[in-house]
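Text of protein-v9.cif (mmCIF, C-alpha atoms and all ligand atoms) as supplied:
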```cif
data_final
#
loop_
_atom_site.label_atom_id
_atom_site.label_comp_id
_atom_site.auth_asym_id
_atom_site.auth_seq_id
_atom_site.Cartn_x
_atom_site.Cartn_y
_atom_site.Cartn_z
CA MET O 199 70.00 120.30 151.69
CA TYR O 200 66.37 121.44 151.93
CA LYS O 201 64.33 123.13 149.22
CA SER O 202 62.29 126.30 149.66
CA ARG O 203 58.99 127.51 148.25
CA ILE O 204 56.66 130.47 148.32
CA SER O 205 53.95 129.45 150.76
CA GLY O 206 52.00 132.73 150.81
CA LEU O 207 51.77 136.16 149.20
CA GLY O 208 50.13 139.49 149.96
CA HIS O 209 50.20 143.08 148.80
CA PHE O 210 49.05 146.51 149.89
CA LEU O 211 48.50 149.62 147.80
CA PRO O 212 47.58 153.05 149.15
CA PRO O 213 43.98 153.87 148.13
CA SER O 214 44.71 157.15 146.38
CA SER O 215 45.06 156.68 142.61
CA VAL O 216 46.76 159.50 140.66
CA SER O 217 46.00 159.55 136.93
CA ASN O 218 48.19 161.00 134.20
CA GLN O 219 45.58 163.76 133.88
CA ASP O 220 46.09 164.59 137.57
CA LEU O 221 49.82 165.02 136.90
CA CYS O 222 49.08 167.55 134.16
CA MET O 223 47.94 169.91 136.92
CA LEU O 224 51.36 169.65 138.61
CA MET O 225 53.73 169.73 135.64
CA ASP O 226 53.98 170.18 131.89
CA THR O 227 53.20 166.64 130.70
CA SER O 228 50.43 164.74 128.92
CA ASP O 229 48.60 161.43 129.16
CA GLU O 230 49.79 160.60 125.62
CA TRP O 231 53.49 161.19 126.44
CA ILE O 232 53.39 159.10 129.61
CA GLN O 233 51.41 156.21 128.09
CA GLU O 234 53.49 156.08 124.92
CA ARG O 235 56.86 156.12 126.75
CA THR O 236 56.01 154.04 129.85
CA GLY O 237 52.58 152.39 129.48
CA ILE O 238 51.51 153.94 132.80
CA LYS O 239 47.92 155.23 133.12
CA SER O 240 47.85 155.81 136.88
CA ARG O 241 49.87 155.17 140.01
CA ARG O 242 49.13 155.02 143.74
CA TRP O 243 50.55 157.86 145.83
CA VAL O 244 49.91 158.20 149.53
CA ASP O 245 47.90 161.33 150.30
CA SER O 246 47.91 163.61 153.30
CA ASN O 247 44.71 161.97 154.63
CA ASN O 248 46.28 158.54 154.43
CA ILE O 249 49.80 159.12 155.63
CA THR O 250 51.69 155.90 155.82
CA SER O 251 55.26 154.64 155.57
CA SER O 252 57.12 151.85 153.79
CA SER O 253 57.25 149.88 157.06
CA GLN O 254 53.47 150.29 157.59
CA MET O 255 52.70 149.26 154.01
CA GLY O 256 55.10 146.33 154.35
CA TYR O 257 53.35 145.34 157.56
CA GLN O 258 49.93 145.38 155.85
CA ALA O 259 51.23 143.24 152.97
CA SER O 260 52.86 140.88 155.48
CA LEU O 261 49.58 140.27 157.33
CA LYS O 262 47.99 139.08 154.07
CA ALA O 263 51.01 136.94 153.14
CA ILE O 264 50.99 135.27 156.57
CA GLU O 265 47.25 134.60 156.31
CA ASN O 266 47.59 133.16 152.79
CA SER O 267 50.54 130.95 153.78
CA GLY O 268 48.58 129.17 156.51
CA ILE O 269 51.43 129.53 159.01
CA ASN O 270 51.14 131.28 162.35
CA LYS O 271 53.08 134.51 162.60
CA SER O 272 55.00 132.97 165.49
CA ASP O 273 56.40 130.43 162.98
CA ILE O 274 58.38 133.18 161.20
CA ASP O 275 62.11 132.74 161.87
CA HIS O 276 63.53 135.79 160.10
CA ILE O 277 62.51 138.98 158.25
CA LEU O 278 64.11 140.33 155.06
CA PHE O 279 62.98 143.83 154.11
CA ALA O 280 63.90 145.23 150.67
CA THR O 281 63.45 148.98 150.28
CA ILE O 282 65.19 152.13 149.13
CA SER O 283 62.63 154.31 150.90
CA PRO O 284 62.99 153.28 154.56
CA ASP O 285 61.32 155.16 157.40
CA HIS O 286 64.66 156.16 158.95
CA TYR O 287 68.28 156.63 158.00
CA PHE O 288 68.78 153.92 160.62
CA PRO O 289 67.58 151.52 161.95
CA GLY O 290 66.20 149.61 158.98
CA ASN O 291 62.58 148.70 158.32
CA GLY O 292 62.93 145.01 159.21
CA VAL O 293 63.00 145.66 162.94
CA LEU O 294 59.97 147.96 162.65
CA VAL O 295 57.92 145.14 161.11
CA GLN O 296 59.25 142.70 163.72
CA ASP O 297 57.80 145.03 166.35
CA LEU O 298 54.53 145.73 164.49
CA LEU O 299 53.92 141.99 164.12
CA GLY O 300 54.72 141.46 167.79
CA LEU O 301 57.23 138.73 166.94
CA ASP O 302 59.77 137.29 169.32
CA THR O 303 63.37 138.52 169.00
CA ILE O 304 63.92 136.99 165.55
CA GLY O 305 66.55 138.55 163.28
CA ALA O 306 65.66 141.21 160.73
CA THR O 307 67.76 142.15 157.70
CA ASP O 308 67.37 145.15 155.39
CA ILE O 309 68.34 144.98 151.71
CA ARG O 310 68.73 148.09 149.57
CA ASN O 311 69.14 146.88 146.02
CA ALA O 312 66.40 149.08 144.56
CA CYS O 313 64.41 147.41 141.77
CA SER O 314 66.34 144.14 142.26
CA GLY O 315 65.85 144.22 146.04
CA PHE O 316 63.08 141.65 146.20
CA ILE O 317 65.01 139.14 144.05
CA TYR O 318 68.11 139.66 146.22
CA ALA O 319 66.02 139.16 149.38
CA LEU O 320 64.35 136.07 147.90
CA SER O 321 67.78 134.66 147.09
CA VAL O 322 68.97 135.15 150.68
CA ALA O 323 65.75 133.59 152.03
CA ASN O 324 66.16 130.64 149.66
CA ALA O 325 69.72 130.05 150.90
CA TYR O 326 68.68 130.29 154.57
CA VAL O 327 65.94 127.69 154.05
CA GLN O 328 68.17 125.45 151.94
CA THR O 329 70.81 125.23 154.67
CA GLY O 330 68.17 124.47 157.28
CA GLN O 331 68.96 127.58 159.32
CA TYR O 332 65.37 128.82 159.06
CA GLU O 333 62.04 127.25 158.03
CA ASN O 334 59.80 130.28 157.40
CA ILE O 335 61.05 133.68 156.31
CA LEU O 336 59.03 136.83 155.72
CA VAL O 337 60.32 138.66 152.64
CA ILE O 338 58.98 142.18 152.04
CA GLY O 339 59.40 144.71 149.23
CA SER O 340 57.91 148.09 150.08
CA GLU O 341 58.41 151.61 148.77
CA LEU O 342 57.10 155.04 149.70
CA GLN O 343 58.51 157.09 146.84
CA SER O 344 56.03 159.85 146.15
CA PRO O 345 57.25 162.25 148.86
CA VAL O 346 60.79 162.44 147.41
CA LEU O 347 59.83 162.91 143.76
CA ASP O 348 60.31 166.30 142.15
CA LYS O 349 56.73 166.86 140.95
CA THR O 350 57.56 169.96 138.94
CA THR O 351 58.30 170.04 135.20
CA ASN O 352 61.97 169.83 136.13
CA GLY O 353 61.53 166.31 137.54
CA ARG O 354 58.84 165.07 135.15
CA ASP O 355 60.98 162.41 133.43
CA LEU O 356 61.07 160.45 136.71
CA SER O 357 58.12 161.59 138.77
CA VAL O 358 55.57 160.28 136.25
CA ILE O 359 57.07 156.78 136.52
CA PHE O 360 57.17 155.96 140.24
CA GLY O 361 54.46 154.81 142.64
CA ASP O 362 53.99 153.64 146.24
CA GLY O 363 53.08 150.15 147.48
CA ALA O 364 54.20 146.94 149.13
CA GLY O 365 54.28 143.20 148.54
CA ALA O 366 55.30 140.33 150.80
CA ALA O 367 56.01 136.62 150.55
CA ILE O 368 56.51 133.83 153.05
CA ILE O 369 59.36 131.56 151.99
CA SER O 370 59.02 128.17 153.67
CA ARG O 371 60.69 124.78 153.59
CA SER O 372 59.40 123.04 150.46
CA ASN O 373 56.66 120.41 150.58
CA ASN O 374 57.95 119.14 147.17
CA THR O 375 54.84 120.28 145.25
CA SER O 376 56.31 123.75 144.83
CA GLU O 377 59.89 124.96 145.05
CA ILE O 378 62.35 127.69 144.15
CA PHE O 379 64.71 126.10 141.61
CA SER O 380 67.44 128.76 141.48
CA THR O 381 68.22 132.45 141.83
CA HIS O 382 70.80 134.49 139.89
CA LEU O 383 72.26 137.84 141.00
CA HIS O 384 74.50 140.38 139.24
CA SER O 385 75.80 143.93 139.65
CA GLU O 386 77.84 146.49 137.73
CA GLY O 387 78.86 149.36 139.99
CA LYS O 388 80.46 151.42 137.25
CA ASN O 389 76.93 152.63 136.46
CA ALA O 390 76.05 153.41 140.08
CA LEU O 391 75.28 157.09 139.53
CA GLU O 392 73.36 156.63 136.27
CA LEU O 393 70.25 155.82 138.31
CA SER O 394 70.59 157.23 141.79
CA MET O 395 69.54 159.60 144.52
CA LYS O 396 72.70 160.93 146.13
CA GLY O 397 71.37 162.40 149.34
CA PRO O 398 70.64 162.76 152.09
CA SER O 399 73.67 160.64 152.84
CA ALA O 400 76.82 160.89 154.92
CA ILE O 401 78.59 162.78 152.13
CA HIS O 402 75.52 164.67 150.85
CA TRP O 403 74.14 165.97 154.10
CA VAL O 404 71.16 168.29 154.48
CA ASP O 405 72.97 171.18 156.16
CA LYS O 406 75.31 171.37 153.16
CA LEU O 407 72.22 171.88 151.00
CA GLU O 408 71.07 174.64 153.30
CA ARG O 409 74.53 176.26 153.03
CA ASN O 410 74.28 176.03 149.20
CA GLN O 411 77.17 173.57 149.06
CA ILE O 412 75.10 170.91 147.30
CA SER O 413 72.69 171.41 144.42
CA PRO O 414 69.06 170.38 145.12
CA GLU O 415 69.19 167.79 142.28
CA ASN O 416 71.26 165.62 144.62
CA PHE O 417 68.21 165.18 146.80
CA ALA O 418 65.89 163.86 144.07
CA PRO O 419 66.22 160.70 141.97
CA GLN O 420 68.30 161.09 138.78
CA MET O 421 68.21 158.75 135.79
CA ASN O 422 70.04 158.40 132.51
CA GLY O 423 66.89 156.99 130.89
CA THR O 424 68.44 155.92 127.59
CA LEU O 425 71.32 154.07 129.28
CA VAL O 426 68.92 152.39 131.71
CA PHE O 427 66.69 151.30 128.83
CA LYS O 428 69.59 149.88 126.78
CA ASN O 429 71.08 147.98 129.72
CA ALA O 430 67.72 146.76 131.03
CA ILE O 431 66.65 145.02 127.84
CA VAL O 432 70.01 143.20 127.56
CA ARG O 433 70.34 142.23 131.22
CA PHE O 434 66.71 141.07 131.57
CA GLU O 435 67.13 138.68 128.64
CA GLN O 436 70.53 137.43 129.85
CA VAL O 437 69.45 136.73 133.40
CA ILE O 438 66.19 135.04 132.39
CA ASN O 439 68.13 132.79 129.99
CA GLU O 440 70.67 132.10 132.74
CA ALA O 441 67.85 130.78 134.95
CA LEU O 442 66.31 128.74 132.12
CA ASN O 443 69.68 127.23 131.11
CA LYS O 444 70.57 126.36 134.69
CA ASN O 445 67.32 124.38 134.95
CA LYS O 446 67.44 122.93 131.42
CA MET O 447 64.29 124.76 130.39
CA SER O 448 63.38 127.05 127.50
CA SER O 449 61.14 130.11 127.31
CA ARG O 450 58.33 127.78 126.20
CA ASP O 451 58.36 126.26 129.70
CA ILE O 452 57.59 129.58 131.40
CA GLY O 453 54.00 129.66 132.63
CA CYS O 454 54.32 133.26 133.77
CA LEU O 455 57.15 135.79 133.60
CA ILE O 456 56.85 138.54 136.19
CA PRO O 457 59.33 141.23 135.23
CA HIS O 458 60.10 144.13 137.54
CA GLN O 459 57.56 146.75 136.48
CA ALA O 460 60.12 149.31 135.28
CA ASN O 461 58.43 150.46 132.13
CA LEU O 462 55.91 148.63 129.91
CA ARG O 463 58.12 149.24 126.87
CA ILE O 464 60.99 147.38 128.56
CA SER O 465 58.70 144.45 129.47
CA GLN O 466 57.34 144.28 125.91
CA PHE O 467 60.85 144.37 124.46
CA VAL O 468 61.95 141.50 126.73
CA GLN O 469 58.79 139.53 125.91
CA LYS O 470 59.51 139.87 122.19
CA LYS O 471 63.19 138.91 122.52
CA LEU O 472 62.26 135.76 124.45
CA GLY O 473 59.41 134.92 122.07
CA LEU O 474 56.81 134.84 124.87
CA ARG O 475 53.07 135.02 124.24
CA ASP O 476 51.00 137.75 125.91
CA ASN O 477 49.51 135.23 128.35
CA GLN O 478 53.02 134.23 129.53
CA VAL O 479 53.84 137.72 130.87
CA PHE O 480 52.10 139.58 133.70
CA ASN O 481 52.23 143.40 133.83
CA ASN O 482 50.36 145.78 136.10
CA ILE O 483 52.51 148.91 135.73
CA GLN O 484 49.57 150.46 133.87
CA LYS O 485 47.69 150.80 137.20
CA TYR O 486 50.45 151.16 139.78
CA GLY O 487 53.47 152.73 138.06
CA ASN O 488 56.97 151.56 138.95
CA THR O 489 57.08 150.62 142.63
CA THR O 490 60.81 149.70 142.61
CA GLY O 491 61.52 146.90 145.15
CA ALA O 492 57.80 146.31 145.67
CA SER O 493 56.83 145.77 142.04
CA ILE O 494 57.61 142.04 141.76
CA PRO O 495 55.86 140.91 144.98
CA ILE O 496 52.86 143.14 144.19
CA ALA O 497 52.63 141.74 140.64
CA LEU O 498 53.14 138.12 141.76
CA SER O 499 50.56 138.48 144.53
CA GLU O 500 48.06 140.05 142.13
CA ALA O 501 48.78 137.43 139.43
CA VAL O 502 47.98 134.68 141.95
CA GLU O 503 44.89 136.52 143.23
CA GLN O 504 43.57 136.93 139.67
CA GLY O 505 44.31 133.31 138.72
CA HIS O 506 47.07 134.07 136.19
CA VAL O 507 49.46 132.03 138.33
CA LYS O 508 48.30 128.75 139.89
CA ARG O 509 50.01 126.20 142.10
CA GLY O 510 52.32 124.07 139.95
CA ASP O 511 52.98 126.77 137.32
CA ILE O 512 56.58 127.57 136.33
CA VAL O 513 57.17 131.21 137.21
CA CYS O 514 60.17 133.35 136.34
CA LEU O 515 60.82 136.56 138.30
CA ALA O 516 63.34 139.02 136.83
CA ALA O 517 64.57 142.46 137.80
CA PHE O 518 66.94 145.18 136.69
CA GLY O 519 67.62 148.48 138.40
CA ALA O 520 69.87 150.89 140.23
CA GLY O 521 73.40 149.76 140.90
CA PHE O 522 73.13 148.58 138.22
CA THR O 523 71.90 145.35 139.77
CA TRP O 524 69.85 142.63 138.14
CA GLY O 525 68.66 139.14 138.96
CA SER O 526 66.17 136.34 138.35
CA ALA O 527 64.46 133.50 140.15
CA LEU O 528 62.90 130.43 138.56
CA LEU O 529 60.38 128.50 140.60
CA ARG O 530 57.42 126.17 140.58
CA TYR O 531 54.71 128.11 142.38
N1 LIG O 601 56.15 164.63 129.96
C1 LIG O 601 56.37 165.28 128.82
N2 LIG O 601 57.60 165.42 128.29
C2 LIG O 601 58.63 164.89 128.94
C3 LIG O 601 58.46 164.19 130.17
C4 LIG O 601 57.15 164.07 130.67
N3 LIG O 601 56.88 163.42 131.82
N4 LIG O 601 59.67 163.77 130.57
C5 LIG O 601 60.56 164.16 129.66
N5 LIG O 601 59.95 164.84 128.68
C6 LIG O 601 60.52 165.45 127.50
C7 LIG O 601 62.00 165.71 127.64
O1 LIG O 601 62.22 166.93 128.30
C8 LIG O 601 62.44 165.75 126.19
O2 LIG O 601 62.13 167.01 125.67
P1 LIG O 601 63.10 167.72 124.61
O3 LIG O 601 63.17 166.79 123.44
O4 LIG O 601 62.40 168.99 124.34
O5 LIG O 601 64.41 167.86 125.33
C9 LIG O 601 61.52 164.73 125.52
O6 LIG O 601 60.42 164.53 126.40
C10 LIG O 601 62.20 163.40 125.27
O7 LIG O 601 62.92 163.08 126.45
P2 LIG O 601 63.70 161.74 126.54
O8 LIG O 601 64.30 161.57 127.90
O9 LIG O 601 64.61 161.62 125.35
O10 LIG O 601 62.49 160.73 126.39
P3 LIG O 601 62.55 159.24 126.07
O11 LIG O 601 61.79 159.00 124.83
O12 LIG O 601 63.92 158.69 126.18
O13 LIG O 601 61.72 158.67 127.28
C11 LIG O 601 62.06 157.56 129.33
C12 LIG O 601 62.14 158.86 128.62
C13 LIG O 601 60.61 157.06 129.32
C14 LIG O 601 62.47 157.70 130.78
C15 LIG O 601 62.98 156.62 128.56
O14 LIG O 601 64.30 157.07 128.59
C16 LIG O 601 62.90 155.26 129.06
O15 LIG O 601 62.00 154.54 128.74
N6 LIG O 601 63.93 154.87 129.84
C17 LIG O 601 63.96 153.61 130.49
C18 LIG O 601 64.18 153.84 131.90
C19 LIG O 601 62.99 153.55 132.72
O16 LIG O 601 61.92 153.25 132.33
N7 LIG O 601 63.26 153.58 133.96
C20 LIG O 601 62.28 153.21 134.90
C21 LIG O 601 62.82 153.43 136.24
S1 LIG O 601 64.33 152.61 136.51
C22 LIG O 601 64.02 151.01 136.74
O17 LIG O 601 63.03 150.65 137.25
C23 LIG O 601 65.02 150.06 136.22
#
```
What would the structure in this file look like if it were written as C-alpha cells?
Ligand code: ACO
Amino acid sequence: MYKSRISGLGHFLPPSSVSNQDLCMLMDTSDEWIQERTGIKSRRWVDSNNITSSSQMGYQASLKAIENSGINKSDIDHILFATISPDHYFPGNGVLVQDLLGLDTIGATDIRNACSGFIYALSVANAYVQTGQYENILVIGSELQSPVLDKTTNGRDLSVIFGDGAGAAIISRSNNTSEIFSTHLHSEGKNALELSMKGPSAIHWVDKLERNQISPENFAPQMNGTLVFKNAIVRFEQVINEALNKNKMSSRDIGCLIPHQANLRISQFVQKKLGLRDNQVFNNIQKYGNTTGASIPIALSEAVEQGHVKRGDIVCLAAFGAGFTWGSALLRY
C-alpha cells in the first residue's frame, strides 16, 4: 500500500469584502451582535461587477495548488470537487474544472457533504492514492453562497455567517517526508433537516413555489443554531480524539489544528476542551465568514502561506456540518 500527502495548496477569494457595518444597511443587525456570537468581522461576497461561480473559483484555487505542488497539470489523474453550491443541478462541478484546466478525459467526482465535504473528498483521495489507482488527485472545496442567502432581517441568523471562496489541494503519492496518517468520517441523518436548504430539489421544485404550494423558506438555508452548536462541540472533540488515538498521539502533538470555520465560538470551545494553546489553532473566519466546504482548504492554504504551518508539522483538520456529517484528518504536512 502507498501513502499519500498534500503536495500543494491554493485558495481564491472574491475581492469584495462585506463588513458587518455593510450588513446593517440590509437588515436589522449590529457589528456587536455578529462579532459576539460568531467572531466574524467581514466576509467575501461576489459582487455584480465580479460575477463568478463555484467552479470558476475552484478553478482559480486549483491553478495555485498545481503551481505550488510542482506537478504539471497533465499529471493529475482525478478531480474531487466538494460543494453544496454547484453551478448546475447537474452535471457536477468536477467536469467543469476538468474542462477549464484542459485536462485529458480523467474522471471527476462531486461530493456534497457541506462543511465536511473537503474532509470527505480528502479521505477518498487518500484511499485512491493508497491503493495505487491514482498518483495525483486535485481536491477542491468551493462555495458561492451569497446569492442564495436571505439578506433581509428574516434571514439574518444565517446570512451574517456565510461567505464565498475556494480552496484546493493536490494529493500525491507520498515521498515519506510528509503523509496523511488517517481520516475519520461520520454521519447522523436523523438531524438532516436541522441544517438544510430543501429546494430547489426534485420534491421542492420551483414551479410549486410559484403556485404557492411551497413556502419560500424552503428555498433558503435553515438552521437550528442551538442544536448545531451543541452537536458541533461534542463531535469536533470526539473526531479529533479519534484521529489522535488511532495514531497514538495526544493533543500536545498537534502543531496546528485547522477546524472548519463554522463559528469562532465553536472553534474556541473545541480549543479549550482539547487544552490547545492559541498558536496550535488557526482561524480566519474573522475575515472570510463561514465558507462551508471551502473553509478548511482556504484556512490550510493561508496557514501555509503565512508560515503557521511548515513542512513536517503535524496538522489536524476537523469538520462538522449539515447531515449532520463530521470528520477529521491527521497528517504530517
Ligand atoms: N443580528 C441581530 N440579532 C439577531 C441576528 C442577527 N444577525 N440573528 C438572530 N438575532 C436575534 C434573534 O432573532 C433572537 O432575537 P429574540 O431573542 O428577540 O428572539 C436573538 O438574536 C437571539 O437569537 P438566537 O438564535 O438565540 O441567538 P444565539 O445566541 O443562539 O446565536 C447563533 C445564534 C450564532 C447562530 C448560534 O445559535 C450559534 O452559534 N449556533 C452555532 C451554529 C453555527 O455557528 N453555525 C454555523 C453554520 S453551520 C456549520 O458550519 C456547522
Could you give me, as CSV, every chain O residue with an atom at most 6 Å from ligand LIG 601 (chain O), plus its closest atom pair and distance in Å to one decimal, counting all atoms listed in the file, rows ordered by chain then number?
```
residue,atom,partner,partner_atom,distance
O:Thr227,CA,O:LIG601,N1,3.6
O:Ser228,CA,O:LIG601,N1,5.8
O:Trp231,CA,O:LIG601,C1,5.5
O:Ile232,CA,O:LIG601,N3,6.0
O:Arg235,CA,O:LIG601,C13,4.6
O:Thr236,CA,O:LIG601,C13,5.5
O:Cys313,CA,O:LIG601,O17,5.7
O:Arg354,CA,O:LIG601,N3,4.2
O:Asp355,CA,O:LIG601,N4,3.4
O:Val358,CA,O:LIG601,N3,5.6
O:Gly423,CA,O:LIG601,O14,3.5
O:Thr424,CA,O:LIG601,O14,4.4
O:Val426,CA,O:LIG601,C18,5.0
O:Phe427,CA,O:LIG601,C17,3.9
O:Ala460,CA,O:LIG601,O17,3.8
O:Asn461,CA,O:LIG601,O16,4.5
O:Thr490,CA,O:LIG601,O17,5.9
O:Phe518,CA,O:LIG601,C23,5.3
O:Gly519,CA,O:LIG601,C23,3.7
```
Please put the answer as AutoDock Vina command-line options: centre and edge lengths, in Å with one decimal, of a box along x, y and z that encloses all listed atoms of segment 453-466 of chain O plus 3 Å on each side.
```
--center_x 57.5 --center_y 140.1 --center_z 131.7 --size_x 13.0 --size_y 26.8 --size_z 17.6
```
Distance query segment 244-247 of chain O at most 8 Å, only C-alpha atoms, self and fewer than 2 positions along chain excluded, as a CSV table (one decimal) with C-alpha atoms, in the frame of the given file:
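Printed below is selection.csv as written:
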```
chain,number,residue,atom,x,y,z
O,212,PRO,CA,47.6,153.0,149.2
O,213,PRO,CA,44.0,153.9,148.1
O,214,SER,CA,44.7,157.2,146.4
O,242,ARG,CA,49.1,155.0,143.7
O,249,ILE,CA,49.8,159.1,155.6
O,250,THR,CA,51.7,155.9,155.8
O,342,LEU,CA,57.1,155.0,149.7
O,344,SER,CA,56.0,159.8,146.2
O,362,ASP,CA,54.0,153.6,146.2
```
So, counting all atoms listed in the file, which residue among O:Gln343, O:Ser267, O:Asn334, O:Ser370 is closest to Ser251 of chain O?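 Looking at the shortest contact to Ser251 of chain O, the residue is O:Gln343.
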Students should find that atom CA of Leu211 of chain O and atom CA of Ala364 of chain O are spaced 6.4 Å
Atom CA of Leu294 of chain O to atom CA of Asp308 of chain O, distance in Å rounded to a single decimal: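 So the answer is 10.7 Å.
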So that I can check the surroundings of Met255 of chain O, please list as an MDAnalysis selection string every protein, DNA and RNA residue that reaches within 12 Å of it, counting all atoms listed in the file and ignoring chain neighbours fewer than 2 positions away. chainID O and resid 208:213 244 248:253 257:262 279 281 283:285 291 294:295 298 338:342 362:366 492 496
Next, write the just-selected residues to a file, as a compact mmCIF listing (two decimals), in the frame of the given file, keeping C-alpha atoms as the atom set.
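Listing of part-v2.txt after writing:
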```txt
# COMPACT_ATOMS: atom_id res chain seq x y z
CA GLY O 208 50.13 139.49 149.96
CA HIS O 209 50.20 143.08 148.80
CA PHE O 210 49.05 146.51 149.89
CA LEU O 211 48.50 149.62 147.80
CA PRO O 212 47.58 153.05 149.15
CA PRO O 213 43.98 153.87 148.13
CA VAL O 244 49.91 158.20 149.53
CA ASN O 248 46.28 158.54 154.43
CA ILE O 249 49.80 159.12 155.63
CA THR O 250 51.69 155.90 155.82
CA SER O 251 55.26 154.64 155.57
CA SER O 252 57.12 151.85 153.79
CA SER O 253 57.25 149.88 157.06
CA TYR O 257 53.35 145.34 157.56
CA GLN O 258 49.93 145.38 155.85
CA ALA O 259 51.23 143.24 152.97
CA SER O 260 52.86 140.88 155.48
CA LEU O 261 49.58 140.27 157.33
CA LYS O 262 47.99 139.08 154.07
CA PHE O 279 62.98 143.83 154.11
CA THR O 281 63.45 148.98 150.28
CA SER O 283 62.63 154.31 150.90
CA PRO O 284 62.99 153.28 154.56
CA ASP O 285 61.32 155.16 157.40
CA ASN O 291 62.58 148.70 158.32
CA LEU O 294 59.97 147.96 162.65
CA VAL O 295 57.92 145.14 161.11
CA LEU O 298 54.53 145.73 164.49
CA ILE O 338 58.98 142.18 152.04
CA GLY O 339 59.40 144.71 149.23
CA SER O 340 57.91 148.09 150.08
CA GLU O 341 58.41 151.61 148.77
CA LEU O 342 57.10 155.04 149.70
CA ASP O 362 53.99 153.64 146.24
CA GLY O 363 53.08 150.15 147.48
CA ALA O 364 54.20 146.94 149.13
CA GLY O 365 54.28 143.20 148.54
CA ALA O 366 55.30 140.33 150.80
CA ALA O 492 57.80 146.31 145.67
CA ILE O 496 52.86 143.14 144.19
```
Please identify all polymer residues lying at most 12 Å from the point (59.8, 145.5, 128.9) (file coordinates), using only C-alpha atoms, and present the result as a ChimeraX atom specification. /O:235-237,426-435,455-472,474,479-483,516-518
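Pairwise distance (atom CA of Leu356 of chain O, atom CA of Lys388 of chain O) equals 21.4 Å.
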Nearby residues (only C-alpha atoms) at most 10 Å from segment 409-416 of chain O, same-chain spacing under 4 positions excluded, as a PyMOL selection string: chain O and resi 348+352-353+394-399+402-405+420
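Of the residues listed (O:Met225, O:Cys454, O:Ile204, O:Ala280), O:Ala280 shows the shortest atom-to-atom separation from Ser493 of chain O; distances use all atoms listed in the file.
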